[in-house]
Amino acid sequence: MISVGLDIGTGSTKGVVLEDGEKILYQNIRQTKGNPTDMANEILQDLLDSSKITKNEVDYIASTGYGRYQAEDRDIQISDLTTTGRGAQYIYGNPALVLDIGTQSTRALRINEKGKIIQFKMNERCAAGSGRFIERCSKYLTIPMENVSAIALKADNPQQISSVCAVLSETEIINHVSLGVSVENIFMGVLLSIADRATTLLKRLKMDSDVYMAGGLVHLGAMQKALADIIDYKVHLDPQAHYAAAIGAARLGYQRALKIKQN
Amino acid sequence: MSKEDYFIVGGVDVGSTTAKSVILDSNKKLLGKSLQNVSPRVAEDAETSFVKACKDAGIDRDQVFLVAGTGYGRLKVRFGKLVVTEISCHAKGSQFMFPNTRLTLDIGGQDTKAIRLGEKGEIIDFSMNDKCSAGTGRFLDVCAESLDYSLDDLGPVSLTATRPVNITSTCTVFAETEVSNQLARGRKKEDIVAGLHDSIAQRSLSLMRRVGIEKEITFTGGVSRNQGMVRSLENILNTKINVSPLSQWFGAIGAALYAIEEVKKGGEFVFEQLEVHP
């Protein structure tokens, strides 16, 4: 049986084709641009073309993420909290605490062994602490996003950011630049301030075990280091966890399709 | 200097974005003023702003008997001998310009304050937001840029709106994304601009509620130049508010008024911090 998971996020759209709820046949990712409906269509078409599957052969399509209601071909839409939990469980085995840092939101989840959410805390009202903050810094410091991690890892004296607002931090960062602080130290400071905010969410859940990362920031190895500096437990990072929500959606979609067939 | 003598004072209000200076004489007459952008070299900008105001007043800086500094960069007004907090100065300035003021709303480049005044202009309570850029001038600045407007265009554009868009983001950064989404949905620029003003008005309202909304309300700070903002505030408050072309200088005027009072009290001036708090 074939199921598809589409995760239409604020920063990027992810898609996964799953066979029998276990085997990933194909996955893809694109930057979210324009309206979510077009994004969902585009990513789905690419999934089908690349895995040489026709739409009729797909048994179930589940959408998730902020644009989930706009995915035209969906059979169901599922909250991204639910799908991230399930996806993280698939990727990491049995992660009790999941930290999902996306473009516009940060979430700390406590899940059970089936990937079901027991408790969560989130921030989606303020850009400080989200991936967008790093994107903006990379833009005005003219350092491409893919270089940010390597640069931050070279920091020898990270410059903490005292401002709690992403916009007001910009002024602070510009002052750092004019005072001659290196970009390495500035970027690590930015990551530390994000780690600090994420840790606050985790603490509200009670931090009592290793932390597993999901969301777009899994590509930043430096983020793992920043978190490890603050968190007493081990921080795990698998780049595949960027697809956590899409995988979770595809797996839940498969289970539903199975139920429908059995009835 | 005795009470009857004629003398000249200066008030320098160094904000996060601009420095404002005024020159007043002992009869509280405004002789000159200036507006100067602030760079990371704050001390220099403060001085430039003061020198410009002297020039505008047609006087030499040595003729100024006492200079008072206020605002976020008040300690950088090193040539002044008096320092007063901006809360006191905005209250003083608004009460001087509009004697019946009971509430001053100051929206600046990076912070917003609501100050409640008593009948004699004394400060009863105040509330401020200096942690988050939403609800401040900076919010308009960022949004103007993403809509390709200059900051000064925003007010007039906002006034032409017919169906203001409801902006739901409470964060400047996310509002910027919301703006581009609204544009993609085909909403008119002016309706988006009006929506942004309404969202600041909403935030200001909650700040004002914290100190208690009282008539009359005087609007000060750089954002008070924006006519669209005045309209949004008047709509949400359902009352007229006081604004003056000098609103941006109310802090500086307040500082100069404190300087006059101090001179009249007599005494020597060595850099003195005058912190007036409720």
# chains A, B, ... in the order shown; residues from 1 in each chain; ligands from 1
call {"tool": "closest_atom_pairs", "arguments": {"of": "chain B", "to": "chain A", "cutoff": "8 Å", "atoms": "only C-alpha atoms", "output": "CSV"}}
result
residue,atom,partner,partner_atom,distance
B:Pro40,CA,A:Asn175,CA,6.7
B:Gln110,CA,A:Leu168,CA,7.6
B:Lys131,CA,A:Val164,CA,6.2
B:Cys132,CA,A:Cys165,CA,5.1
B:Ser133,CA,A:Leu168,CA,6.3
B:Ser169,CA,A:Arg125,CA,7.0
B:Thr170,CA,A:Arg125,CA,6.0
B:Cys171,CA,A:Cys126,CA,5.1
B:Thr172,CA,A:Val167,CA,7.2
B:Val173,CA,A:Ala127,CA,6.1
B:Phe174,CA,A:Ala127,CA,6.8
B:Asn181,CA,A:Gly34,CA,7.7
B:Ala184,CA,A:Gly34,CA,6.9
call {"tool": "select_by_dssp", "arguments": {"residues": "stretch 107-173 of chain B", "states": "strand (DSSP E)", "output": "list in words"}}
result
Ile107, Thr112, Lys113, Ala114, Ile115, Arg116, Leu117, Ile123, Ile124, Asp125, Phe126, Ser127, Met128 and Asn129 of chain B
call {"tool": "write_last_selection", "arguments": {"atoms": "all heavy atoms", "output": "compact mmCIF listing (two decimals), in the first residue's frame"}}
result
# COMPACT_ATOMS: atom_id res chain seq x y z
N ILE B 107 4.84 56.87 21.34
CA ILE B 107 5.29 55.76 20.50
C ILE B 107 6.57 56.18 19.79
O ILE B 107 6.56 57.08 18.96
CB ILE B 107 4.23 55.31 19.48
CG1 ILE B 107 2.88 55.06 20.16
CG2 ILE B 107 4.71 54.05 18.75
CD1 ILE B 107 1.83 54.43 19.25
N THR B 112 7.26 51.86 23.40
CA THR B 112 5.98 52.53 23.54
C THR B 112 5.68 52.67 25.03
O THR B 112 5.92 51.75 25.79
CB THR B 112 4.86 51.71 22.87
OG1 THR B 112 5.22 51.50 21.52
CG2 THR B 112 3.53 52.44 22.90
N LYS B 113 5.20 53.88 25.40
CA LYS B 113 4.90 54.12 26.81
C LYS B 113 3.54 54.76 26.96
O LYS B 113 3.17 55.60 26.15
CB LYS B 113 5.93 55.08 27.42
CG LYS B 113 7.35 54.65 27.29
CD LYS B 113 8.27 55.70 27.88
CE LYS B 113 9.70 55.44 27.49
NZ LYS B 113 10.02 56.01 26.17
N ALA B 114 2.84 54.37 28.01
CA ALA B 114 1.61 55.05 28.38
C ALA B 114 1.84 55.63 29.77
O ALA B 114 2.28 54.92 30.67
CB ALA B 114 0.45 54.07 28.40
N ILE B 115 1.63 56.93 29.91
CA ILE B 115 1.91 57.61 31.18
C ILE B 115 0.64 58.33 31.64
O ILE B 115 0.07 59.13 30.90
CB ILE B 115 3.04 58.66 31.00
CG1 ILE B 115 4.25 58.05 30.27
CG2 ILE B 115 3.46 59.26 32.34
CD1 ILE B 115 5.14 59.07 29.60
N ARG B 116 0.20 58.05 32.86
CA ARG B 116 -0.99 58.73 33.38
C ARG B 116 -0.57 59.89 34.27
O ARG B 116 0.33 59.74 35.09
CB ARG B 116 -1.87 57.75 34.16
CG ARG B 116 -3.23 58.34 34.51
CD ARG B 116 -4.29 57.27 34.56
NE ARG B 116 -4.09 56.39 35.70
CZ ARG B 116 -4.66 56.60 36.90
NH1 ARG B 116 -5.44 57.64 37.09
NH2 ARG B 116 -4.44 55.76 37.88
N LEU B 117 -1.21 61.02 34.05
CA LEU B 117 -0.84 62.23 34.78
C LEU B 117 -1.95 62.69 35.72
O LEU B 117 -3.12 62.43 35.45
CB LEU B 117 -0.57 63.38 33.79
CG LEU B 117 0.37 63.11 32.63
CD1 LEU B 117 0.51 64.35 31.78
CD2 LEU B 117 1.72 62.70 33.16
N ILE B 123 3.25 62.55 37.61
CA ILE B 123 3.08 61.22 37.06
C ILE B 123 2.43 60.31 38.09
O ILE B 123 2.92 60.18 39.21
CB ILE B 123 4.45 60.63 36.62
CG1 ILE B 123 5.03 61.51 35.52
CG2 ILE B 123 4.30 59.20 36.13
CD1 ILE B 123 6.48 61.21 35.21
N ILE B 124 1.33 59.69 37.71
CA ILE B 124 0.64 58.79 38.63
C ILE B 124 1.07 57.35 38.38
O ILE B 124 1.31 56.58 39.29
CB ILE B 124 -0.89 58.93 38.48
CG1 ILE B 124 -1.31 60.34 38.90
CG2 ILE B 124 -1.62 57.87 39.30
CD1 ILE B 124 -2.76 60.63 38.71
N ASP B 125 1.16 56.99 37.11
CA ASP B 125 1.51 55.61 36.77
C ASP B 125 2.02 55.59 35.33
O ASP B 125 1.68 56.46 34.53
CB ASP B 125 0.25 54.74 36.88
CG ASP B 125 0.58 53.25 36.93
OD1 ASP B 125 1.79 52.92 36.97
OD2 ASP B 125 -0.35 52.44 36.92
N PHE B 126 2.80 54.58 35.02
CA PHE B 126 3.18 54.41 33.62
C PHE B 126 3.40 52.93 33.33
O PHE B 126 3.61 52.12 34.23
CB PHE B 126 4.43 55.23 33.26
CG PHE B 126 5.71 54.65 33.80
CD1 PHE B 126 6.46 53.75 33.03
CD2 PHE B 126 6.18 55.02 35.04
CE1 PHE B 126 7.64 53.22 33.53
CE2 PHE B 126 7.36 54.49 35.54
CZ PHE B 126 8.10 53.59 34.79
N SER B 127 3.32 52.61 32.03
CA SER B 127 3.51 51.24 31.60
C SER B 127 4.26 51.31 30.28
O SER B 127 4.01 52.20 29.48
CB SER B 127 2.13 50.61 31.41
OG SER B 127 2.28 49.26 31.05
N MET B 128 5.20 50.41 30.08
CA MET B 128 5.92 50.51 28.82
C MET B 128 6.26 49.16 28.22
O MET B 128 6.31 48.15 28.90
CB MET B 128 7.19 51.34 28.97
CG MET B 128 8.31 50.71 29.77
SD MET B 128 9.59 51.94 30.10
CE MET B 128 10.56 51.86 28.60
N ASN B 129 6.45 49.18 26.90
CA ASN B 129 6.92 48.00 26.19
C ASN B 129 8.23 48.38 25.52
O ASN B 129 8.26 49.20 24.62
CB ASN B 129 5.92 47.57 25.12
CG ASN B 129 6.57 46.69 24.06
OD1 ASN B 129 7.47 45.91 24.36
ND2 ASN B 129 6.15 46.84 22.83
call {"tool": "residues_around", "arguments": {"residues": "A:Asn94", "least_positions_apart": "5", "cutoff": "9 Å", "atoms": "only C-alpha atoms", "output": "JSON list (two decimals) with C-alpha atoms, in the first residue's frame"}}
result
[["chain", "number", "residue", "atom", "x", "y", "z"],
["A", 88, "ALA", "CA", 10.18, 11.47, 15.42],
["A", 89, "GLN", "CA", 9.24, 8.07, 16.83],
["A", 111, "ILE", "CA", 5.66, 11.60, 23.45],
["A", 112, "ASN", "CA", 5.00, 7.98, 24.41],
["A", 113, "GLU", "CA", 6.55, 4.88, 22.84],
["A", 114, "LYS", "CA", 3.98, 4.99, 20.01],
["A", 115, "GLY", "CA", 4.85, 8.57, 19.16]]
call {"tool": "residues_around", "arguments": {"residues": "A:Leu217", "least_positions_apart": "3", "cutoff": "8 Å", "atoms": "only C-alpha atoms", "output": "list in words"}}
result
Ile101, Gly102, Gly131, Ala214, Leu220, Met223 and His242 of chain A
call {"tool": "atom_distance", "arguments": {"atom1": "atom CA of B:Leu147", "atom2": "atom CA of B:Pro164"}}
result
15.2 Å
call {"tool": "residues_around", "arguments": {"residues": "B:Val84", "least_positions_apart": "3", "cutoff": "12 Å", "atoms": "only C-alpha atoms", "output": "ChimeraX atom specification"}}
result
/B:11-14,67-75,77,80-81,87-92,251-259,262,271-277
call {"tool": "residues_around", "arguments": {"residues": "A:Ala228", "least_positions_apart": "3", "cutoff": "12 Å", "atoms": "only C-alpha atoms", "output": "ChimeraX atom specification"}}
result
/A:191-192,195-196,198-199,210-213,221-225,231-237
call {"tool": "write_last_selection", "arguments": {"atoms": "N, CA and C atoms", "output": "compact mmCIF listing (two decimals), in the first residue's frame"}}
result
# COMPACT_ATOMS: atom_id res chain seq x y z
N LEU A 191 22.58 31.52 17.95
CA LEU A 191 22.14 30.14 18.18
C LEU A 191 21.94 29.86 19.67
N LEU A 192 22.83 30.43 20.48
CA LEU A 192 22.69 30.24 21.93
C LEU A 192 21.41 30.88 22.45
N ALA A 195 18.70 28.58 21.52
CA ALA A 195 18.78 27.39 22.38
C ALA A 195 18.20 27.71 23.76
N ASP A 196 18.49 28.91 24.22
CA ASP A 196 18.02 29.35 25.52
C ASP A 196 16.49 29.36 25.59
N ALA A 198 14.46 27.70 23.56
CA ALA A 198 13.96 26.34 23.38
C ALA A 198 14.02 25.59 24.71
N THR A 199 15.10 25.82 25.43
CA THR A 199 15.28 25.14 26.71
C THR A 199 14.19 25.53 27.71
N ASP A 210 17.06 12.52 27.40
CA ASP A 210 17.70 13.05 26.21
C ASP A 210 16.69 13.80 25.33
N VAL A 211 17.23 14.75 24.56
CA VAL A 211 16.38 15.57 23.70
C VAL A 211 16.67 15.23 22.24
N TYR A 212 15.60 15.05 21.46
CA TYR A 212 15.74 14.71 20.04
C TYR A 212 15.20 15.85 19.20
N MET A 213 16.02 16.31 18.26
CA MET A 213 15.63 17.46 17.45
C MET A 213 14.86 17.09 16.19
N GLY A 221 24.42 21.75 12.58
CA GLY A 221 25.14 21.00 13.61
C GLY A 221 25.48 21.90 14.79
N ALA A 222 25.72 23.17 14.49
CA ALA A 222 26.08 24.13 15.54
C ALA A 222 24.94 24.31 16.54
N MET A 223 23.72 24.08 16.07
CA MET A 223 22.56 24.22 16.96
C MET A 223 22.60 23.12 18.02
N GLN A 224 23.02 21.93 17.60
CA GLN A 224 23.14 20.82 18.54
C GLN A 224 24.15 21.18 19.64
N LYS A 225 25.25 21.82 19.20
CA LYS A 225 26.28 22.22 20.16
C LYS A 225 25.73 23.29 21.11
N ILE A 231 21.86 22.22 27.90
CA ILE A 231 21.10 21.07 28.40
C ILE A 231 22.03 20.02 29.01
N ASP A 232 21.63 19.50 30.15
CA ASP A 232 22.46 18.51 30.84
C ASP A 232 22.37 17.13 30.20
N TYR A 233 21.25 16.86 29.51
CA TYR A 233 21.10 15.56 28.85
C TYR A 233 21.68 15.63 27.44
N LYS A 234 21.76 14.47 26.80
CA LYS A 234 22.32 14.42 25.45
C LYS A 234 21.32 14.98 24.43
N VAL A 235 21.83 15.69 23.44
CA VAL A 235 20.98 16.21 22.37
C VAL A 235 21.26 15.42 21.10
N HIS A 236 20.23 14.78 20.53
CA HIS A 236 20.40 13.96 19.34
C HIS A 236 19.90 14.71 18.11
N LEU A 237 20.62 14.52 17.01
CA LEU A 237 20.23 15.22 15.79
C LEU A 237 20.40 14.30 14.59
call {"tool": "residues_around", "arguments": {"residues": "A:Gly21", "least_positions_apart": "2", "cutoff": "6 Å", "atoms": "only C-alpha atoms", "output": "ChimeraX atom specification"}}
result
/A:18-19,251,254
call {"tool": "atom_distance", "arguments": {"atom1": "atom CA of B:Val211", "atom2": "atom CA of B:Pro99"}}
result
19.3 Å
call {"tool": "select_by_dssp", "arguments": {"residues": "stretch 127-210 of chain A", "states": "helix (DSSP H, G or I)", "output": "PyMOL selection string"}}
result
chain A and resi 131-140+145-153+166-178+183-205
call {"tool": "atom_distance", "arguments": {"atom1": "atom CA of B:Leu233", "atom2": "atom CA of B:Asp198"}}
result
7.5 Å
call {"tool": "closest_residue", "arguments": {"among": "A:Gly189, A:Gly180, A:Gly5, A:Pro239", "to": "A:Asp59", "atoms": "only C-alpha atoms"}}
result
A:Gly5
